[in-house]
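Chemist: Dropping in target16.json, which is JSON, C-alpha atoms:
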```
[["chain", "number", "residue", "atom", "x", "y", "z"],
["S", 1, "MET", "CA", -15.02, 10.19, 7.16],
["S", 2, "ILE", "CA", -14.76, 6.45, 7.81],
["S", 3, "PHE", "CA", -11.84, 6.23, 5.38],
["S", 4, "VAL", "CA", -9.94, 8.99, 7.20],
["S", 5, "LEU", "CA", -10.60, 7.31, 10.55],
["S", 6, "THR", "CA", -9.44, 3.95, 9.21],
["S", 7, "VAL", "CA", -6.23, 5.49, 7.86],
["S", 8, "ALA", "CA", -5.60, 7.29, 11.16],
["S", 9, "VAL", "CA", -6.12, 4.10, 13.17],
["S", 10, "GLY", "CA", -3.85, 2.21, 10.75],
["S", 11, "ILE", "CA", -1.08, 4.79, 11.06],
["S", 12, "HIS", "CA", -1.42, 4.77, 14.85],
["S", 13, "TYR", "CA", -1.22, 0.97, 14.90],
["S", 14, "ILE", "CA", 1.86, 0.90, 12.67],
["S", 15, "ARG", "CA", 3.67, 3.55, 14.70],
["S", 16, "HIS", "CA", 3.00, 1.85, 18.02],
["S", 17, "HIS", "CA", 3.01, -1.87, 17.18],
["S", 18, "ILE", "CA", 5.37, -2.39, 14.25],
["S", 19, "PRO", "CA", 9.03, -1.58, 14.79],
["S", 20, "ALA", "CA", 10.30, 1.00, 12.30],
["S", 21, "GLU", "CA", 13.30, -1.15, 11.39],
["S", 22, "ILE", "CA", 11.09, -3.79, 9.74],
["S", 23, "LEU", "CA", 9.11, -1.32, 7.61],
["S", 24, "PRO", "CA", 11.39, -1.69, 4.53],
["S", 25, "ASP", "CA", 10.69, -5.43, 4.50],
["S", 26, "LEU", "CA", 6.96, -4.86, 4.91],
["S", 27, "ARG", "CA", 6.90, -2.26, 2.11],
["S", 28, "ALA", "CA", 8.74, -4.65, -0.21],
["S", 29, "ALA", "CA", 6.36, -7.50, 0.63],
["S", 30, "ILE", "CA", 3.31, -5.30, 0.01],
["S", 31, "ALA", "CA", 4.76, -4.07, -3.29],
["S", 32, "VAL", "CA", 5.12, -7.62, -4.66],
["S", 33, "ARG", "CA", 2.06, -9.29, -3.16],
["S", 34, "ARG", "CA", 0.32, -9.52, -6.55],
["S", 35, "VAL", "CA", 3.30, -10.91, -8.48],
["S", 36, "ALA", "CA", 2.43, -14.36, -9.83],
["S", 37, "GLY", "CA", 4.41, -17.33, -8.54],
["S", 38, "ALA", "CA", 6.23, -17.65, -5.24],
["S", 39, "ASP", "CA", 9.67, -17.77, -6.91],
["S", 40, "ASN", "CA", 9.01, -14.58, -8.87],
["S", 41, "GLN", "CA", 7.46, -12.93, -5.84],
["S", 42, "PHE", "CA", 10.45, -13.72, -3.64],
["S", 43, "HIS", "CA", 12.91, -12.57, -6.32],
["S", 44, "GLN", "CA", 11.03, -9.27, -6.69],
["S", 45, "TYR", "CA", 10.89, -8.89, -2.90],
["S", 46, "LEU", "CA", 14.67, -9.25, -2.68],
["S", 47, "GLU", "CA", 15.18, -6.79, -5.53],
["S", 48, "LYS", "CA", 12.96, -4.22, -3.78],
["S", 49, "LEU", "CA", 15.16, -4.51, -0.69],
["S", 50, "TYR", "CA", 18.65, -4.95, -2.15],
["S", 51, "GLY", "CA", 18.57, -3.85, -5.78],
["S", 52, "PRO", "CA", 19.23, -5.94, -8.91],
["S", 53, "LEU", "CA", 20.30, -9.46, -7.97],
["S", 54, "ASP", "CA", 22.62, -9.75, -10.95],
["S", 55, "VAL", "CA", 24.99, -7.57, -8.88],
["S", 56, "ALA", "CA", 27.12, -9.74, -6.59],
["S", 57, "THR", "CA", 27.19, -7.29, -3.68],
["S", 58, "ASN", "CA", 23.38, -7.14, -3.67],
["S", 59, "ARG", "CA", 23.18, -10.94, -3.50],
["S", 60, "GLU", "CA", 25.77, -11.02, -0.72],
["S", 61, "HIS", "CA", 23.85, -8.42, 1.25],
["S", 62, "ALA", "CA", 20.60, -10.34, 0.75],
["S", 63, "PHE", "CA", 22.24, -13.51, 2.06],
["S", 64, "GLU", "CA", 23.87, -11.74, 5.01],
["S", 65, "ASP", "CA", 20.52, -10.21, 5.96],
["S", 66, "PHE", "CA", 19.10, -13.66, 6.67],
["S", 67, "PHE", "CA", 21.22, -13.34, 9.81],
["S", 68, "ASN", "CA", 19.90, -9.89, 10.73],
["S", 69, "PRO", "CA", 17.41, -9.90, 13.65],
["S", 70, "ARG", "CA", 15.40, -7.11, 11.98],
["S", 71, "HIS", "CA", 14.98, -9.20, 8.84],
["S", 72, "ILE", "CA", 14.09, -12.30, 10.86],
["S", 73, "LYS", "CA", 11.32, -10.38, 12.66],
["S", 74, "ALA", "CA", 10.01, -9.03, 9.39],
["S", 75, "MET", "CA", 10.03, -12.40, 7.61],
["S", 76, "GLN", "CA", 8.12, -13.99, 10.49],
["S", 77, "LEU", "CA", 5.52, -11.22, 10.44],
["S", 78, "ILE", "CA", 5.14, -11.42, 6.66],
["S", 79, "THR", "CA", 4.76, -15.20, 6.55],
["S", 80, "LYS", "CA", 2.42, -15.19, 9.54],
["S", 81, "HIS", "CA", -0.09, -13.13, 7.56],
["S", 82, "MET", "CA", 0.02, -15.21, 4.37],
["S", 83, "PRO", "CA", -2.56, -17.86, 3.51],
["S", 84, "ARG", "CA", -1.20, -21.32, 4.39],
["S", 85, "ASP", "CA", -0.64, -22.48, 0.79],
["S", 86, "GLN", "CA", 1.10, -19.23, -0.11],
["S", 87, "ARG", "CA", 3.19, -19.45, 3.08],
["S", 88, "LEU", "CA", 4.48, -22.91, 2.21],
["S", 89, "ALA", "CA", 5.27, -21.85, -1.36],
["S", 90, "SER", "CA", 7.06, -18.74, -0.13],
["S", 91, "ILE", "CA", 9.15, -20.71, 2.36],
["S", 92, "GLN", "CA", 10.14, -23.16, -0.36],
["S", 93, "ALA", "CA", 10.95, -20.30, -2.76],
["S", 94, "THR", "CA", 13.21, -18.82, -0.09],
["S", 95, "ALA", "CA", 14.99, -22.14, 0.46],
["S", 96, "ASP", "CA", 15.35, -22.57, -3.30],
["S", 97, "TRP", "CA", 16.85, -19.09, -3.64],
["S", 98, "VAL", "CA", 19.45, -19.79, -0.95],
["S", 99, "GLN", "CA", 20.32, -23.15, -2.52],
["S", 100, "ASN", "CA", 20.60, -21.58, -5.97],
["S", 101, "TYR", "CA", 22.74, -18.77, -4.57],
["S", 102, "ARG", "CA", 25.10, -21.28, -2.96],
["S", 103, "GLN", "CA", 25.39, -23.32, -6.14],
["S", 104, "ASN", "CA", 26.04, -20.30, -8.37],
["S", 105, "MET", "CA", 28.05, -17.88, -6.23],
["S", 106, "SER", "CA", 31.42, -16.81, -7.51],
["S", 107, "ALA", "CA", 34.70, -17.54, -5.76],
["S", 108, "GLU", "CA", 34.85, -13.87, -4.80],
["S", 109, "GLU", "CA", 31.38, -14.04, -3.19],
["S", 110, "LYS", "CA", 32.45, -17.13, -1.22],
["S", 111, "ALA", "CA", 35.59, -15.36, -0.05],
["S", 112, "ASP", "CA", 33.65, -12.23, 0.93],
["S", 113, "LEU", "CA", 31.07, -14.21, 2.88],
["S", 114, "SER", "CA", 33.75, -16.35, 4.53],
["S", 115, "SER", "CA", 35.63, -13.22, 5.63],
["S", 116, "TYR", "CA", 32.45, -11.61, 6.93],
["S", 117, "PHE", "CA", 31.20, -14.62, 8.91],
["S", 118, "ASP", "CA", 34.68, -15.27, 10.33],
["S", 119, "SER", "CA", 34.92, -11.66, 11.56],
["S", 120, "ASN", "CA", 33.78, -10.44, 14.96],
["S", 121, "SER", "CA", 30.80, -8.63, 13.42],
["S", 122, "GLY", "CA", 29.84, -11.73, 11.43],
["S", 123, "GLN", "CA", 30.02, -13.91, 14.54],
["S", 124, "ALA", "CA", 27.97, -11.35, 16.46],
["S", 125, "SER", "CA", 25.43, -11.37, 13.64],
["S", 126, "LEU", "CA", 25.14, -15.17, 13.81],
["S", 127, "GLN", "CA", 24.65, -15.05, 17.59],
["S", 128, "ALA", "CA", 22.04, -12.29, 17.38],
["S", 129, "ALA", "CA", 20.22, -14.10, 14.57],
["S", 130, "THR", "CA", 20.14, -17.33, 16.54],
["S", 131, "ALA", "CA", 18.76, -15.55, 19.60],
["S", 132, "GLN", "CA", 16.11, -13.75, 17.54],
["S", 133, "PHE", "CA", 15.14, -16.93, 15.69],
["S", 134, "MET", "CA", 14.72, -18.82, 18.97],
["S", 135, "GLN", "CA", 12.30, -16.11, 20.17],
["S", 136, "GLN", "CA", 10.00, -16.76, 17.22],
["S", 137, "ASP", "CA", 6.89, -18.90, 17.40],
["S", 138, "PRO", "CA", 7.74, -22.65, 17.45],
["S", 139, "GLU", "CA", 5.32, -23.27, 14.58],
["S", 140, "TYR", "CA", 7.16, -20.71, 12.46],
["S", 141, "ARG", "CA", 10.54, -22.17, 13.40],
["S", 142, "SER", "CA", 9.47, -25.64, 12.34],
["S", 143, "ALA", "CA", 7.90, -24.36, 9.10],
["S", 144, "VAL", "CA", 11.12, -22.66, 7.97],
["S", 145, "VAL", "CA", 13.38, -25.68, 8.48],
["S", 146, "PRO", "CA", 14.00, -25.91, 4.70],
["S", 147, "VAL", "CA", 15.34, -22.34, 4.71],
["S", 148, "ILE", "CA", 17.47, -22.88, 7.81],
["S", 149, "THR", "CA", 18.91, -26.06, 6.30],
["S", 150, "GLN", "CA", 19.93, -24.19, 3.14],
["S", 151, "LEU", "CA", 21.38, -21.27, 5.14],
["S", 152, "MET", "CA", 23.50, -23.60, 7.30],
["S", 153, "THR", "CA", 24.63, -25.61, 4.28],
["S", 154, "THR", "CA", 25.65, -22.38, 2.58],
["S", 155, "LEU", "CA", 27.56, -21.17, 5.64],
["S", 156, "ALA", "CA", 29.39, -24.48, 5.81],
["S", 157, "SER", "CA", 30.27, -24.32, 2.12],
["S", 158, "VAL", "CA", 31.74, -20.81, 2.30],
["S", 159, "ASN", "CA", 33.80, -21.70, 5.37],
["S", 160, "LYS", "CA", 35.57, -24.69, 3.77]]
```
Kindly transcribe the structure held in the file into structure tokens.

Modeler:
Amino acid sequence: MIFVLTVAVGIHYIRHHIPAEILPDLRAAIAVRRVAGADNQFHQYLEKLYGPLDVATNREHAFEDFFNPRHIKAMQLITKHMPRDQRLASIQATADWVQNYRQNMSAEEKADLSSYFDSNSGQASLQAATAQFMQQDPEYRSAVVPVITQLMTTLASVNK
């Protein structure tokens, strides 16, 4: 009986307090929470959301989603509920992934990303992402500076 009540309360909480658009991110994070190593965990998380990362379009979509307000909300919620040491490792793994992506992306990926971020929808995405990011907790914003630095460096490199 207690189990059923707990599940019912949990479902009620999720439906009324967690926006449906961030549920895919939360499911992916839950699915990989026991994977050893922050780098492996983050890689598996991305694969749960976007598919195999050896496919260029999946990597591009993963990168573009860093500028999606839904994804920003989800990442903040996920990292907020991690133990401090795991949070720092996860943030660094994210920054490392973005840096590695930038260093290894193909010319076609650079061209695709440049076209997207130069377009009206890409510019709107950047503006919406900035607004969403600025709404996040200041402690979170300062903690993810390594990720933001890598994202901005990558944007600058694809727009050369």

Chemist: Using all atoms listed in the file, which residue out of S:Met105, S:Ile72, S:Val144, S:Ile78 lies closest to S:Tyr45?

Modeler: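 Nearest candidate to S:Tyr45 out of S:Met105, S:Ile72, S:Val144, S:Ile78: S:Ile78.
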
Chemist: Looking at all atoms listed in the file, which of S:Gln86, S:Ala131, S:Glu109, S:Asn159 is the one that sits closest to S:Val55?

Modeler: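 For S:Val55, the nearest of the candidates is S:Glu109.
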
Chemist: Can you work out which one of S:Pro146, S:Ala129, S:Glu64, S:Phe117 has the shortest atom-to-atom distance to S:Gln92, counting all atoms listed in the file?

Modeler: S:Pro146

Chemist: Which residue, S:Phe42, S:Tyr50, S:Tyr140, S:Phe133, has the smallest gap to S:Val98 when you use all atoms listed in the file?

Modeler: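 When distances to S:Val98 are compared using all atoms listed in the file, the smallest one comes from S:Phe42.
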
Chemist: Once 6 Å is added on each side, what centre and edge lengths in Å to one decimal does the axis-aligned box around all listed atoms of stretch 129-142 of chain S have, as AutoDock Vina command-line options?

Modeler:
```
--center_x 12.8 --center_y -19.7 --center_z 16.3 --size_x 26.9 --size_y 23.9 --size_z 19.8
```

Chemist: Find the residues with any atom within 12 Å of (14.6, 1.2, -3.5); use all atoms listed in the file and the coordinates as given in the file, and write the answer as a list of chain:residue names.

Modeler: S:Pro24, S:Asp25, S:Arg27, S:Ala28, S:Ala31, S:Gln44, S:Tyr45, S:Leu46, S:Glu47, S:Lys48, S:Leu49, S:Tyr50, S:Gly51, S:Pro52

Chemist: For the selection you just gave me, I'd like the residues written to a file as a JSON list (two decimals), keeping the file's coordinate frame, keeping C-alpha atoms.

Modeler:
```json
[["chain", "number", "residue", "atom", "x", "y", "z"],
["S", 24, "PRO", "CA", 11.39, -1.69, 4.53],
["S", 25, "ASP", "CA", 10.69, -5.43, 4.50],
["S", 27, "ARG", "CA", 6.90, -2.26, 2.11],
["S", 28, "ALA", "CA", 8.74, -4.65, -0.21],
["S", 31, "ALA", "CA", 4.76, -4.07, -3.29],
["S", 44, "GLN", "CA", 11.03, -9.27, -6.69],
["S", 45, "TYR", "CA", 10.89, -8.89, -2.90],
["S", 46, "LEU", "CA", 14.67, -9.25, -2.68],
["S", 47, "GLU", "CA", 15.18, -6.79, -5.53],
["S", 48, "LYS", "CA", 12.96, -4.22, -3.78],
["S", 49, "LEU", "CA", 15.16, -4.51, -0.69],
["S", 50, "TYR", "CA", 18.65, -4.95, -2.15],
["S", 51, "GLY", "CA", 18.57, -3.85, -5.78],
["S", 52, "PRO", "CA", 19.23, -5.94, -8.91]]
```

Chemist: Hey, can you check how far atom CA of S:Gln99 sits from atom CA of S:Thr154?

Modeler: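 Atom CA of S:Thr154 lies 7.4 Å from atom CA of S:Gln99.
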
Chemist: Considering all atoms listed in the file, can you say which of S:Ser157, S:Gln135, S:Gln76, S:Ser90 comes closest to S:Gln103?

Modeler: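 Of the candidates, the smallest distance to S:Gln103 is held by S:Ser157.
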
Chemist: Go ahead and compute the interatomic distance for atom CA of S:Asn68 and atom CA of S:Ser125, in Å to one decimal.

Modeler: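 Value for the atom CA of S:Asn68-atom CA of S:Ser125 distance: 6.4 Å.
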
Chemist: Name all residues at most 8 Å from S:Ser114 (count all atoms listed in the file; drop same-chain ones fewer than 4 positions away) and give them as a PyMOL selection string.

Modeler: chain S and resi 110+118+155+158-159

Chemist: Between atom CA of S:Leu151 and atom CA of S:Trp97, what is the spacing in Å?

Modeler: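 Answer for the atom CA of S:Trp97 to atom CA of S:Leu151 separation: 10.1 Å.
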
Chemist: Taking into account all atoms listed in the file, which residue in the set S:Ser106, S:Asn100, S:Ser115, S:Ser121 is nearest to S:Val147?

Modeler: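 Once distances to S:Val147 are computed over all atoms listed in the file, the minimum belongs to S:Asn100.
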
Chemist: Output stretch 42-69 of chain S as an mmCIF file, keeping the file's coordinate frame, making sure N, CA and C atoms are there.

Modeler:
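Once written, out_15.cif looks like this:
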```cif
data_model
loop_
_atom_site.group_PDB
_atom_site.id
_atom_site.type_symbol
_atom_site.label_atom_id
_atom_site.label_comp_id
_atom_site.auth_asym_id
_atom_site.auth_seq_id
_atom_site.Cartn_x
_atom_site.Cartn_y
_atom_site.Cartn_z
ATOM 1 N N PHE S 42 9.309 -13.833 -4.541
ATOM 2 C CA PHE S 42 10.450 -13.720 -3.640
ATOM 3 C C PHE S 42 11.601 -12.979 -4.310
ATOM 4 N N HIS S 43 11.856 -13.267 -5.576
ATOM 5 C CA HIS S 43 12.910 -12.570 -6.320
ATOM 6 C C HIS S 43 12.636 -11.063 -6.359
ATOM 7 N N GLN S 44 11.394 -10.690 -6.654
ATOM 8 C CA GLN S 44 11.030 -9.270 -6.690
ATOM 9 C C GLN S 44 11.150 -8.631 -5.306
ATOM 10 N N TYR S 45 10.760 -9.370 -4.282
ATOM 11 C CA TYR S 45 10.890 -8.890 -2.900
ATOM 12 C C TYR S 45 12.348 -8.566 -2.595
ATOM 13 N N LEU S 46 13.248 -9.485 -2.930
ATOM 14 C CA LEU S 46 14.670 -9.250 -2.680
ATOM 15 C C LEU S 46 15.183 -8.050 -3.474
ATOM 16 N N GLU S 47 14.732 -7.918 -4.715
ATOM 17 C CA GLU S 47 15.180 -6.790 -5.530
ATOM 18 C C GLU S 47 14.674 -5.455 -4.973
ATOM 19 N N LYS S 48 13.478 -5.449 -4.405
ATOM 20 C CA LYS S 48 12.960 -4.220 -3.780
ATOM 21 C C LYS S 48 13.835 -3.818 -2.592
ATOM 22 N N LEU S 49 14.352 -4.799 -1.867
ATOM 23 C CA LEU S 49 15.160 -4.510 -0.690
ATOM 24 C C LEU S 49 16.631 -4.235 -1.003
ATOM 25 N N TYR S 50 17.201 -4.976 -1.956
ATOM 26 C CA TYR S 50 18.650 -4.950 -2.150
ATOM 27 C C TYR S 50 19.113 -4.429 -3.501
ATOM 28 N N GLY S 51 18.194 -4.264 -4.441
ATOM 29 C CA GLY S 51 18.570 -3.850 -5.780
ATOM 30 C C GLY S 51 18.706 -5.061 -6.700
ATOM 31 N N PRO S 52 19.154 -4.849 -7.928
ATOM 32 C CA PRO S 52 19.230 -5.940 -8.910
ATOM 33 C C PRO S 52 20.105 -7.099 -8.399
ATOM 34 N N LEU S 53 19.585 -8.304 -8.494
ATOM 35 C CA LEU S 53 20.300 -9.460 -7.970
ATOM 36 C C LEU S 53 21.357 -10.003 -8.928
ATOM 37 N N ASP S 54 21.501 -9.366 -10.092
ATOM 38 C CA ASP S 54 22.620 -9.750 -10.950
ATOM 39 C C ASP S 54 23.906 -9.059 -10.509
ATOM 40 N N VAL S 55 23.828 -8.232 -9.487
ATOM 41 C CA VAL S 55 24.990 -7.570 -8.880
ATOM 42 C C VAL S 55 25.404 -8.380 -7.654
ATOM 43 N N ALA S 56 26.647 -8.835 -7.650
ATOM 44 C CA ALA S 56 27.120 -9.740 -6.590
ATOM 45 C C ALA S 56 26.977 -9.146 -5.194
ATOM 46 N N THR S 57 27.290 -7.877 -5.019
ATOM 47 C CA THR S 57 27.190 -7.290 -3.680
ATOM 48 C C THR S 57 25.749 -7.256 -3.179
ATOM 49 N N ASN S 58 24.793 -7.109 -4.080
ATOM 50 C CA ASN S 58 23.380 -7.140 -3.670
ATOM 51 C C ASN S 58 22.992 -8.542 -3.198
ATOM 52 N N ARG S 59 23.464 -9.560 -3.923
ATOM 53 C CA ARG S 59 23.180 -10.940 -3.500
ATOM 54 C C ARG S 59 23.830 -11.241 -2.155
ATOM 55 N N GLU S 60 25.070 -10.800 -1.989
ATOM 56 C CA GLU S 60 25.770 -11.020 -0.720
ATOM 57 C C GLU S 60 25.006 -10.366 0.430
ATOM 58 N N HIS S 61 24.581 -9.129 0.202
ATOM 59 C CA HIS S 61 23.850 -8.420 1.250
ATOM 60 C C HIS S 61 22.527 -9.122 1.561
ATOM 61 N N ALA S 62 21.851 -9.610 0.535
ATOM 62 C CA ALA S 62 20.600 -10.340 0.750
ATOM 63 C C ALA S 62 20.853 -11.582 1.595
ATOM 64 N N PHE S 63 21.920 -12.316 1.283
ATOM 65 C CA PHE S 63 22.240 -13.510 2.060
ATOM 66 C C PHE S 63 22.600 -13.143 3.500
ATOM 67 N N GLU S 64 23.462 -12.149 3.672
ATOM 68 C CA GLU S 64 23.870 -11.740 5.010
ATOM 69 C C GLU S 64 22.678 -11.303 5.859
ATOM 70 N N ASP S 65 21.685 -10.701 5.220
ATOM 71 C CA ASP S 65 20.520 -10.210 5.960
ATOM 72 C C ASP S 65 19.640 -11.327 6.524
ATOM 73 N N PHE S 66 19.818 -12.553 6.047
ATOM 74 C CA PHE S 66 19.100 -13.660 6.670
ATOM 75 C C PHE S 66 19.548 -13.847 8.113
ATOM 76 N N PHE S 67 20.680 -13.246 8.461
ATOM 77 C CA PHE S 67 21.220 -13.340 9.810
ATOM 78 C C PHE S 67 21.103 -12.005 10.547
ATOM 79 N N ASN S 68 20.162 -11.187 10.130
ATOM 80 C CA ASN S 68 19.900 -9.890 10.730
ATOM 81 C C ASN S 68 18.596 -10.007 11.533
ATOM 82 N N PRO S 69 18.627 -9.759 12.842
ATOM 83 C CA PRO S 69 17.410 -9.900 13.650
ATOM 84 C C PRO S 69 16.219 -9.100 13.106
#
```
